[in-house]
>>> print(open('protein14.cif').read())   # mmCIF, C-alpha atoms and all ligand atoms
data_my_file
loop_
_atom_site.label_atom_id
_atom_site.label_comp_id
_atom_site.auth_asym_id
_atom_site.auth_seq_id
_atom_site.Cartn_x
_atom_site.Cartn_y
_atom_site.Cartn_z
CA MET M 1 0.10 42.21 -24.42
CA THR M 2 1.09 38.78 -25.70
CA SER M 3 2.26 38.89 -29.28
CA THR M 4 0.12 35.85 -30.15
CA LEU M 5 -3.11 37.62 -29.23
CA LYS M 6 -1.93 40.83 -30.88
CA ASN M 7 -1.04 38.99 -34.09
CA LYS M 8 -4.34 37.13 -34.12
CA ILE M 9 -6.34 40.36 -33.71
CA GLN M 10 -4.25 42.09 -36.36
CA GLN M 11 -4.66 39.24 -38.83
CA PHE M 12 -8.38 38.91 -38.09
CA TYR M 13 -9.06 42.58 -38.89
CA ASP M 14 -6.55 42.78 -41.73
CA ALA M 15 -8.35 39.90 -43.41
CA SER M 16 -11.99 40.71 -42.65
CA SER M 17 -12.28 44.52 -42.76
CA GLY M 18 -12.58 44.79 -46.55
CA LEU M 19 -15.51 42.38 -46.72
CA TRP M 20 -17.17 43.98 -43.70
CA GLU M 21 -16.95 47.41 -45.32
CA GLN M 22 -18.33 46.08 -48.58
CA ILE M 23 -21.37 44.50 -46.92
CA TRP M 24 -21.85 46.71 -43.89
CA GLY M 25 -20.06 49.97 -44.43
CA GLU M 26 -17.64 51.85 -42.24
CA HIS M 27 -19.01 51.08 -38.77
CA MET M 28 -17.91 47.82 -37.15
CA HIS M 29 -20.23 47.98 -34.17
CA HIS M 30 -23.78 47.16 -33.06
CA GLY M 31 -26.80 49.22 -34.07
CA TYR M 32 -29.33 50.88 -31.75
CA TYR M 33 -32.95 49.73 -32.16
CA GLY M 34 -34.67 51.82 -29.46
CA PRO M 35 -34.50 51.19 -25.69
CA THR M 36 -36.33 47.86 -25.98
CA GLY M 37 -34.88 46.88 -29.34
CA LYS M 38 -38.27 47.02 -31.07
CA GLU M 39 -37.63 49.87 -33.53
CA LYS M 40 -37.30 48.81 -37.16
CA LYS M 41 -34.67 50.70 -39.08
CA ASN M 42 -32.05 50.54 -41.75
CA ARG M 43 -28.92 48.86 -40.37
CA ARG M 44 -26.52 51.71 -41.15
CA GLN M 45 -28.89 54.20 -39.53
CA ALA M 46 -29.02 51.94 -36.47
CA GLN M 47 -25.21 52.10 -36.20
CA ILE M 48 -25.17 55.89 -36.48
CA ASP M 49 -28.00 56.08 -33.94
CA LEU M 50 -25.86 54.09 -31.51
CA ILE M 51 -23.12 56.74 -31.71
CA GLU M 52 -25.66 59.53 -31.20
CA GLU M 53 -27.46 57.77 -28.36
CA LEU M 54 -24.15 57.13 -26.59
CA LEU M 55 -23.12 60.77 -26.85
CA ASN M 56 -26.52 61.80 -25.59
CA TRP M 57 -26.45 59.32 -22.70
CA ALA M 58 -22.97 60.50 -21.65
CA GLU M 59 -23.95 64.15 -22.18
CA VAL M 60 -21.01 64.79 -24.48
CA ARG M 61 -21.87 68.07 -26.19
CA GLN M 62 -18.47 69.07 -27.50
CA ALA M 63 -14.92 67.82 -27.93
CA SER M 64 -11.82 69.21 -29.58
CA HIS M 65 -9.22 66.40 -29.25
CA ILE M 66 -10.65 62.93 -29.61
CA LEU M 67 -8.96 59.56 -29.27
CA ASP M 68 -10.80 56.63 -30.86
CA VAL M 69 -9.33 53.53 -29.20
CA GLY M 70 -9.75 50.50 -31.45
CA CYS M 71 -10.97 52.56 -34.39
CA GLY M 72 -11.69 49.96 -37.07
CA ILE M 73 -11.63 51.76 -40.42
CA GLY M 74 -12.46 55.04 -38.72
CA GLY M 75 -16.26 55.08 -38.71
CA SER M 76 -16.46 56.85 -35.34
CA SER M 77 -13.21 58.86 -35.73
CA LEU M 78 -14.51 60.59 -38.86
CA TYR M 79 -18.09 60.91 -37.64
CA LEU M 80 -17.03 62.53 -34.34
CA ALA M 81 -14.45 64.82 -35.98
CA GLN M 82 -17.12 66.10 -38.37
CA LYS M 83 -19.82 66.38 -35.74
CA PHE M 84 -17.69 68.37 -33.29
CA ASP M 85 -15.36 70.03 -35.83
CA ALA M 86 -12.59 68.39 -33.81
CA ASN M 87 -9.25 66.69 -34.32
CA SER M 88 -9.33 62.96 -33.87
CA ILE M 89 -6.82 60.13 -33.84
CA GLY M 90 -7.85 56.54 -34.31
CA ILE M 91 -5.65 53.66 -33.19
CA THR M 92 -5.95 50.04 -34.28
CA LEU M 93 -3.74 46.95 -34.33
CA SER M 94 -4.50 46.43 -38.01
CA PRO M 95 -2.33 48.19 -40.63
CA VAL M 96 -5.02 47.45 -43.24
CA GLN M 97 -7.60 49.31 -41.12
CA ALA M 98 -5.24 52.23 -40.43
CA SER M 99 -4.50 52.77 -44.12
CA ARG M 100 -8.16 52.40 -45.10
CA GLY M 101 -9.03 54.96 -42.40
CA THR M 102 -6.43 57.35 -43.85
CA GLU M 103 -7.85 56.87 -47.35
CA ARG M 104 -11.34 57.61 -46.06
CA ALA M 105 -10.08 60.75 -44.29
CA GLN M 106 -8.51 61.87 -47.59
CA ASP M 107 -11.76 61.21 -49.47
CA ALA M 108 -13.66 63.23 -46.87
CA GLY M 109 -11.16 66.11 -47.07
CA LEU M 110 -10.30 65.64 -43.40
CA VAL M 111 -6.62 64.59 -43.47
CA THR M 112 -5.48 67.53 -41.41
CA GLN M 113 -8.11 66.78 -38.76
CA VAL M 114 -8.24 62.99 -38.61
CA GLN M 115 -5.31 60.60 -38.38
CA PHE M 116 -4.92 56.88 -38.00
CA ARG M 117 -2.07 54.95 -36.42
CA VAL M 118 -1.20 51.36 -35.74
CA ALA M 119 -0.75 51.36 -31.97
CA ASP M 120 -1.49 49.19 -28.98
CA ALA M 121 -4.11 50.49 -26.55
CA MET M 122 -2.21 48.75 -23.75
CA GLU M 123 0.73 51.13 -24.30
CA MET M 124 -0.48 54.19 -26.10
CA PRO M 125 2.08 56.44 -27.80
CA PHE M 126 0.53 59.61 -26.37
CA ALA M 127 1.48 61.99 -23.58
CA ASP M 128 -0.56 62.18 -20.38
CA ASN M 129 -3.57 64.54 -20.49
CA SER M 130 -3.83 64.71 -24.30
CA PHE M 131 -7.52 64.23 -25.18
CA ASP M 132 -10.79 65.65 -23.99
CA LEU M 133 -12.78 62.67 -25.29
CA VAL M 134 -11.49 59.09 -25.18
CA TRP M 135 -13.93 56.93 -27.11
CA SER M 136 -13.83 53.16 -27.12
CA MET M 137 -16.53 51.52 -29.21
CA GLU M 138 -16.40 47.74 -28.93
CA SER M 139 -12.68 47.34 -28.41
CA GLY M 140 -12.52 46.68 -24.65
CA GLU M 141 -13.47 43.05 -25.20
CA HIS M 142 -10.19 42.53 -27.09
CA MET M 143 -8.00 43.88 -24.28
CA PRO M 144 -5.93 41.30 -22.40
CA ASP M 145 -5.76 43.37 -19.19
CA LYS M 146 -8.89 45.43 -18.57
CA GLN M 147 -7.35 47.34 -15.65
CA LYS M 148 -4.32 48.35 -17.73
CA PHE M 149 -6.59 49.33 -20.60
CA LEU M 150 -8.64 51.68 -18.41
CA THR M 151 -5.45 52.98 -16.78
CA GLU M 152 -4.13 53.97 -20.21
CA CYS M 153 -7.44 55.62 -21.15
CA TYR M 154 -7.36 57.55 -17.87
CA ARG M 155 -3.72 58.57 -18.36
CA VAL M 156 -4.21 60.12 -21.81
CA LEU M 157 -7.46 61.86 -20.85
CA LYS M 158 -7.24 65.57 -19.97
CA PRO M 159 -8.51 66.55 -16.53
CA GLY M 160 -12.21 67.25 -16.99
CA GLY M 161 -12.31 65.11 -20.16
CA THR M 162 -14.75 62.26 -20.78
CA PHE M 163 -14.08 58.57 -21.21
CA LEU M 164 -16.90 56.78 -23.03
CA MET M 165 -16.82 53.06 -23.62
CA ALA M 166 -19.27 50.52 -25.04
CA THR M 167 -18.13 46.95 -24.73
CA TRP M 168 -19.14 43.29 -24.74
CA CYS M 169 -19.55 41.93 -21.21
CA HIS M 170 -20.77 38.76 -19.57
CA ARG M 171 -23.69 38.87 -17.15
CA PRO M 172 -23.04 40.19 -13.65
CA ILE M 173 -22.27 37.57 -11.04
CA THR M 174 -24.52 38.09 -8.04
CA LYS M 175 -25.65 35.97 -5.12
CA ALA M 176 -28.94 35.44 -6.92
CA THR M 177 -27.50 34.44 -10.30
CA GLY M 178 -24.39 32.61 -9.07
CA GLN M 179 -21.09 31.99 -10.83
CA LEU M 180 -20.96 31.37 -14.59
CA THR M 181 -22.00 27.78 -15.29
CA GLU M 182 -19.89 25.27 -17.23
CA ASP M 183 -22.23 25.67 -20.16
CA GLU M 184 -21.97 29.48 -20.06
CA LEU M 185 -18.18 29.27 -19.85
CA HIS M 186 -18.15 26.97 -22.85
CA HIS M 187 -20.39 29.37 -24.80
CA LEU M 188 -18.08 32.29 -23.92
CA ALA M 189 -15.00 30.28 -24.93
CA GLU M 190 -16.50 29.78 -28.39
CA ILE M 191 -17.12 33.52 -28.73
CA TYR M 192 -13.56 34.27 -27.58
CA ARG M 193 -12.12 31.81 -30.10
CA VAL M 194 -14.10 33.06 -33.08
CA TYR M 195 -13.78 36.82 -32.43
CA CYS M 196 -10.19 36.87 -31.03
CA LEU M 197 -11.08 37.90 -27.50
CA PRO M 198 -8.90 37.02 -24.49
CA TYR M 199 -11.92 37.15 -22.11
CA VAL M 200 -14.72 39.53 -21.14
CA ILE M 201 -15.78 40.76 -17.71
CA SER M 202 -19.05 42.03 -16.27
CA LEU M 203 -20.12 45.66 -16.23
CA PRO M 204 -19.87 45.89 -12.40
CA ASP M 205 -16.26 44.66 -12.78
CA TYR M 206 -15.51 47.56 -15.17
CA GLU M 207 -17.22 49.95 -12.78
CA ALA M 208 -15.02 48.73 -9.90
CA ILE M 209 -11.89 49.32 -12.00
CA ALA M 210 -13.06 52.83 -12.88
CA HIS M 211 -13.59 53.63 -9.19
CA HIS M 212 -10.17 52.26 -8.36
CA LEU M 213 -8.60 54.61 -10.93
CA SER M 214 -10.23 57.71 -9.42
CA PHE M 215 -12.44 58.48 -12.38
CA HIS M 216 -15.27 60.85 -11.45
CA ASN M 217 -18.96 60.88 -12.41
CA ILE M 218 -18.92 57.17 -13.21
CA ARG M 219 -22.09 55.92 -14.88
CA THR M 220 -22.91 52.55 -16.36
CA ALA M 221 -25.84 51.11 -18.30
CA ASP M 222 -26.77 47.81 -19.88
CA TRP M 223 -28.09 48.33 -23.41
CA SER M 224 -28.33 44.67 -24.40
CA ASP M 225 -32.03 44.92 -25.29
CA ALA M 226 -31.41 47.98 -27.46
CA VAL M 227 -28.66 46.40 -29.56
CA ALA M 228 -29.34 42.64 -29.59
CA PRO M 229 -31.45 42.72 -32.83
CA PHE M 230 -28.28 43.75 -34.64
CA TRP M 231 -27.09 40.14 -34.90
CA ASP M 232 -30.24 38.95 -36.66
CA SER M 233 -29.65 41.69 -39.17
CA VAL M 234 -26.01 40.59 -39.63
CA ILE M 235 -27.15 36.99 -40.11
CA ASP M 236 -29.66 38.08 -42.79
CA SER M 237 -26.99 40.08 -44.59
CA ALA M 238 -24.60 37.11 -44.59
CA PHE M 239 -27.02 35.42 -47.03
CA GLU M 240 -26.90 38.29 -49.51
CA PRO M 241 -25.22 37.21 -52.75
CA LYS M 242 -22.37 39.72 -52.45
CA ALA M 243 -21.58 38.40 -48.94
CA ILE M 244 -21.55 34.79 -50.10
CA ILE M 245 -19.34 35.67 -53.07
CA GLY M 246 -17.05 37.71 -50.80
CA LEU M 247 -16.75 34.88 -48.30
CA PHE M 248 -15.52 32.51 -51.02
CA GLY M 249 -12.37 34.57 -51.34
CA SER M 250 -11.92 35.09 -47.60
CA SER M 251 -9.61 33.67 -44.97
CA TRP M 252 -10.75 30.79 -42.77
CA ASP M 253 -10.97 33.15 -39.76
CA THR M 254 -13.43 35.40 -41.62
CA ILE M 255 -15.51 32.44 -42.80
CA GLN M 256 -15.56 31.03 -39.27
CA ALA M 257 -16.70 34.37 -37.85
CA ALA M 258 -19.50 34.50 -40.43
CA LEU M 259 -20.57 30.92 -39.72
CA SER M 260 -20.66 31.63 -35.98
CA LEU M 261 -22.89 34.71 -35.97
CA GLY M 262 -25.56 32.78 -34.04
CA LEU M 263 -23.25 32.58 -31.00
CA MET M 264 -23.82 36.24 -30.19
CA SER M 265 -27.60 36.30 -30.76
CA ARG M 266 -27.92 33.17 -28.58
CA GLY M 267 -25.66 34.80 -26.00
CA TYR M 268 -28.01 37.79 -25.77
CA ARG M 269 -31.13 35.61 -25.71
CA ARG M 270 -29.92 33.63 -22.70
CA GLY M 271 -28.76 36.80 -20.89
CA LEU M 272 -25.13 35.73 -20.92
CA ILE M 273 -23.79 38.42 -23.26
CA ARG M 274 -24.38 42.00 -22.21
CA PHE M 275 -23.71 45.27 -24.01
CA GLY M 276 -22.17 47.46 -21.33
CA LEU M 277 -21.68 51.24 -21.30
CA LEU M 278 -19.39 53.16 -19.02
CA SER M 279 -18.86 56.89 -18.98
CA ALA M 280 -16.67 58.82 -16.57
CA THR M 281 -14.64 61.99 -16.29
CA LYS M 282 -11.09 62.57 -15.06
C1 LIG M 301 -15.00 45.50 -33.40
S1 LIG M 301 -13.72 46.55 -33.98
C2 LIG M 301 -14.47 48.10 -33.56
C3 LIG M 301 -14.10 49.16 -34.55
C4 LIG M 301 -14.65 50.57 -34.33
N1 LIG M 301 -14.57 51.00 -32.96
C5 LIG M 301 -16.04 50.72 -34.86
O1 LIG M 301 -16.96 50.89 -34.04
O2 LIG M 301 -16.23 50.71 -36.09
C6 LIG M 301 -12.43 46.38 -32.75
C7 LIG M 301 -11.23 47.24 -32.99
O3 LIG M 301 -10.39 47.18 -31.83
C8 LIG M 301 -9.04 47.17 -32.26
N2 LIG M 301 -8.17 46.65 -31.19
C9 LIG M 301 -8.24 45.47 -30.55
N3 LIG M 301 -7.27 45.37 -29.64
C10 LIG M 301 -6.55 46.51 -29.70
C11 LIG M 301 -5.41 47.01 -29.02
N4 LIG M 301 -4.80 46.31 -28.07
N5 LIG M 301 -4.95 48.22 -29.36
C12 LIG M 301 -5.55 48.96 -30.32
N6 LIG M 301 -6.64 48.55 -31.00
C13 LIG M 301 -7.14 47.33 -30.69
C14 LIG M 301 -9.05 46.32 -33.51
O4 LIG M 301 -7.86 46.53 -34.26
C15 LIG M 301 -10.33 46.85 -34.16
O5 LIG M 301 -10.03 48.00 -34.91
#
>>> encode(input="protein14.cif", output="C-alpha cells", more="lines below")
Ligand SMILES: C[S@@+](CC[C@H](N)C(=O)[O-])C[C@H]1O[C@@H](n2cnc3c(N)ncnc32)[C@H](O)[C@@H]1O
Amino acid sequence: MTSTLKNKIQQFYDASSGLWEQIWGEHMHHGYYGPTGKEKKNRRQAQIDLIEELLNWAEVRQASHILDVGCGIGGSSLYLAQKFDANSIGITLSPVQASRGTERAQDAGLVTQVQFRVADAMEMPFADNSFDLVWSMESGEHMPDKQKFLTECYRVLKPGGTFLMATWCHRPITKATGQLTEDELHHLAEIYRVYCLPYVISLPDYEAIAHHLSFHNIRTADWSDAVAPFWDSVIDSAFEPKAIIGLFGSSWDTIQAALSLGLMSRGYRRGLIRFGLLSATK
C-alpha cells in the first residue's frame, strides 16, 4: 500500500473521528431504513439495525473469534463481541481510533475480550486460519488493491468461517448501461478525493474476485435503497449547533468532508454509488 494513501487515511480518521463520535456516536457507517429506505427511525438505531440486518442476511448466528477489518472506534467490534460473547480484534490505520476503541472496551468492561491494533488490512499481522468471522463494514472502499484485500481476508479466515463485507461500489458495467461516463468518473473522483479512497469497483467485480479465491457460498446484494437516506440525515445533523461549533476547530480535510456530504446522496440518486454486500465462507 502506498504510504501516501496510508498517511492520508490515517490523518483523515485521526482528525475527524472525535467530531464524528460527538455528533454521531460510535458507528461510522450507513444506517438501515428498511428494504426500500422508507422506514423512519432514529439515526443510531438505523446504524445498529444495519449490523443486525447484515448478520441476518448472511445467516451468521454465532462467532467466537472475530476480526473487524477497518474498525473505526470499535462500534462493530464491541457490538459483535457482546452479542456473541466472543473475542474480537479491530484493526485500523488510525492510532487515534485504536486508542479510543481501547478506552471504550475498558469502559464496557471488555478489555480481555476486545482489542484494537493499528495494522494494515493489506498485510495483516495474523496467522492463517485465525478467525471464524471476518467483518468488514465500509472499509473495502479504502483498499488500494481489492484482490489483495480479499486474499488477506480469506487467508486469516478459518475453514468454515464467514467473511461478511459491506462496501461502497460503483454501478455495475453491463452491455445495457455501458462504461462509466466522463461525468460519472468526475463525480467518483470527487468522492475519492474527499473521503480518501483510491477507487471503488462494482459488486460483480468483487464477486468475481471472491470466486477466483475459492470462497464458497458466495452471495451478494445491493442495499443502496435501504441505506441511501442515511446521507440526508448526516446533512441535517451537520447543521446542528454542536456540529458547526465542532467544525470550527477541525482540520481542513474534516471540513471538506462535511461540506461535500451531498456528493454521496447525489451519487445514490443517479444510481452511480451502490452499497454492496458480499458474504462467503472458506
Ligand atoms: C468508514 S470507517 C468504518 C469504521 C467501522 N467499520 C464502522 O463501521 O464504524 C473506515 C475504516 O477503515 C479503516 N481502514 C482504511 N484502510 C485501511 C487499511 N488499509 N487497513 C486497516 N484499516 C483501514 C480506517 O482506518 C477506518 O477505521
>>> closest_residue(input="protein14.cif", among="M:Lys8, M:Arg44, M:Arg155, M:His142", to="ligand LIG 301 (chain M)", atoms="all atoms listed in the file")
M:His142
>>> residues_near_ligand(input="protein14.cif", ligand="ligand LIG 301 (chain M)", cutoff="9 Å", atoms="all atoms listed in the file", output="PyMOL selection string")
chain M and resi 1+5-6+9-10+12-14+17+26-30+47+51+68-77+90-95+97-98+118-124+135-144+149+195-197
>>> residues_around(input="protein14.cif", residues="Val111 (chain M)", least_positions_apart="3", cutoff="12 Å", atoms="only C-alpha atoms", output="list in words")
Ser77, Leu78, Ala81, Gln82, Ala86, Asn87, Ser88, Ile89, Gly101, Thr102, Glu103, Arg104, Ala105, Gln106, Asp107, Ala108, Val114, Gln115 and Phe116 of chain M
>>> closest_atom_pairs(input="protein14.cif", of="region 27-146 of chain M", to="region 231-234 of chain M", cutoff="10 Å", atoms="only C-alpha atoms", output="CSV")
residue,atom,partner,partner_atom,distance
M:His30,CA,M:Trp231,CA,8.0
M:Gly31,CA,M:Trp231,CA,9.1
M:Asn42,CA,M:Ser233,CA,9.5
M:Arg43,CA,M:Ser233,CA,7.3
>>> closest_residue(input="protein14.cif", among="M:Phe84, M:Trp24, M:Phe275, M:Tyr199", to="Asp145 (chain M)", atoms="only C-alpha atoms")
M:Tyr199
>>> closest_residue(input="protein14.cif", among="M:Tyr154, M:Ser279, M:Leu19, M:Gln62", to="His212 (chain M)", atoms="all atoms listed in the file")
M:Tyr154
>>> atom_distance(input="protein14.cif", atom1="CA of Ile218 (chain M)", atom2="CA of Thr162 (chain M)")
10.0 Å
>>> closest_residue(input="protein14.cif", among="M:Arg274, M:Lys282, M:Lys83, M:Lys38", to="Glu52 (chain M)", atoms="all atoms listed in the file")
M:Lys83
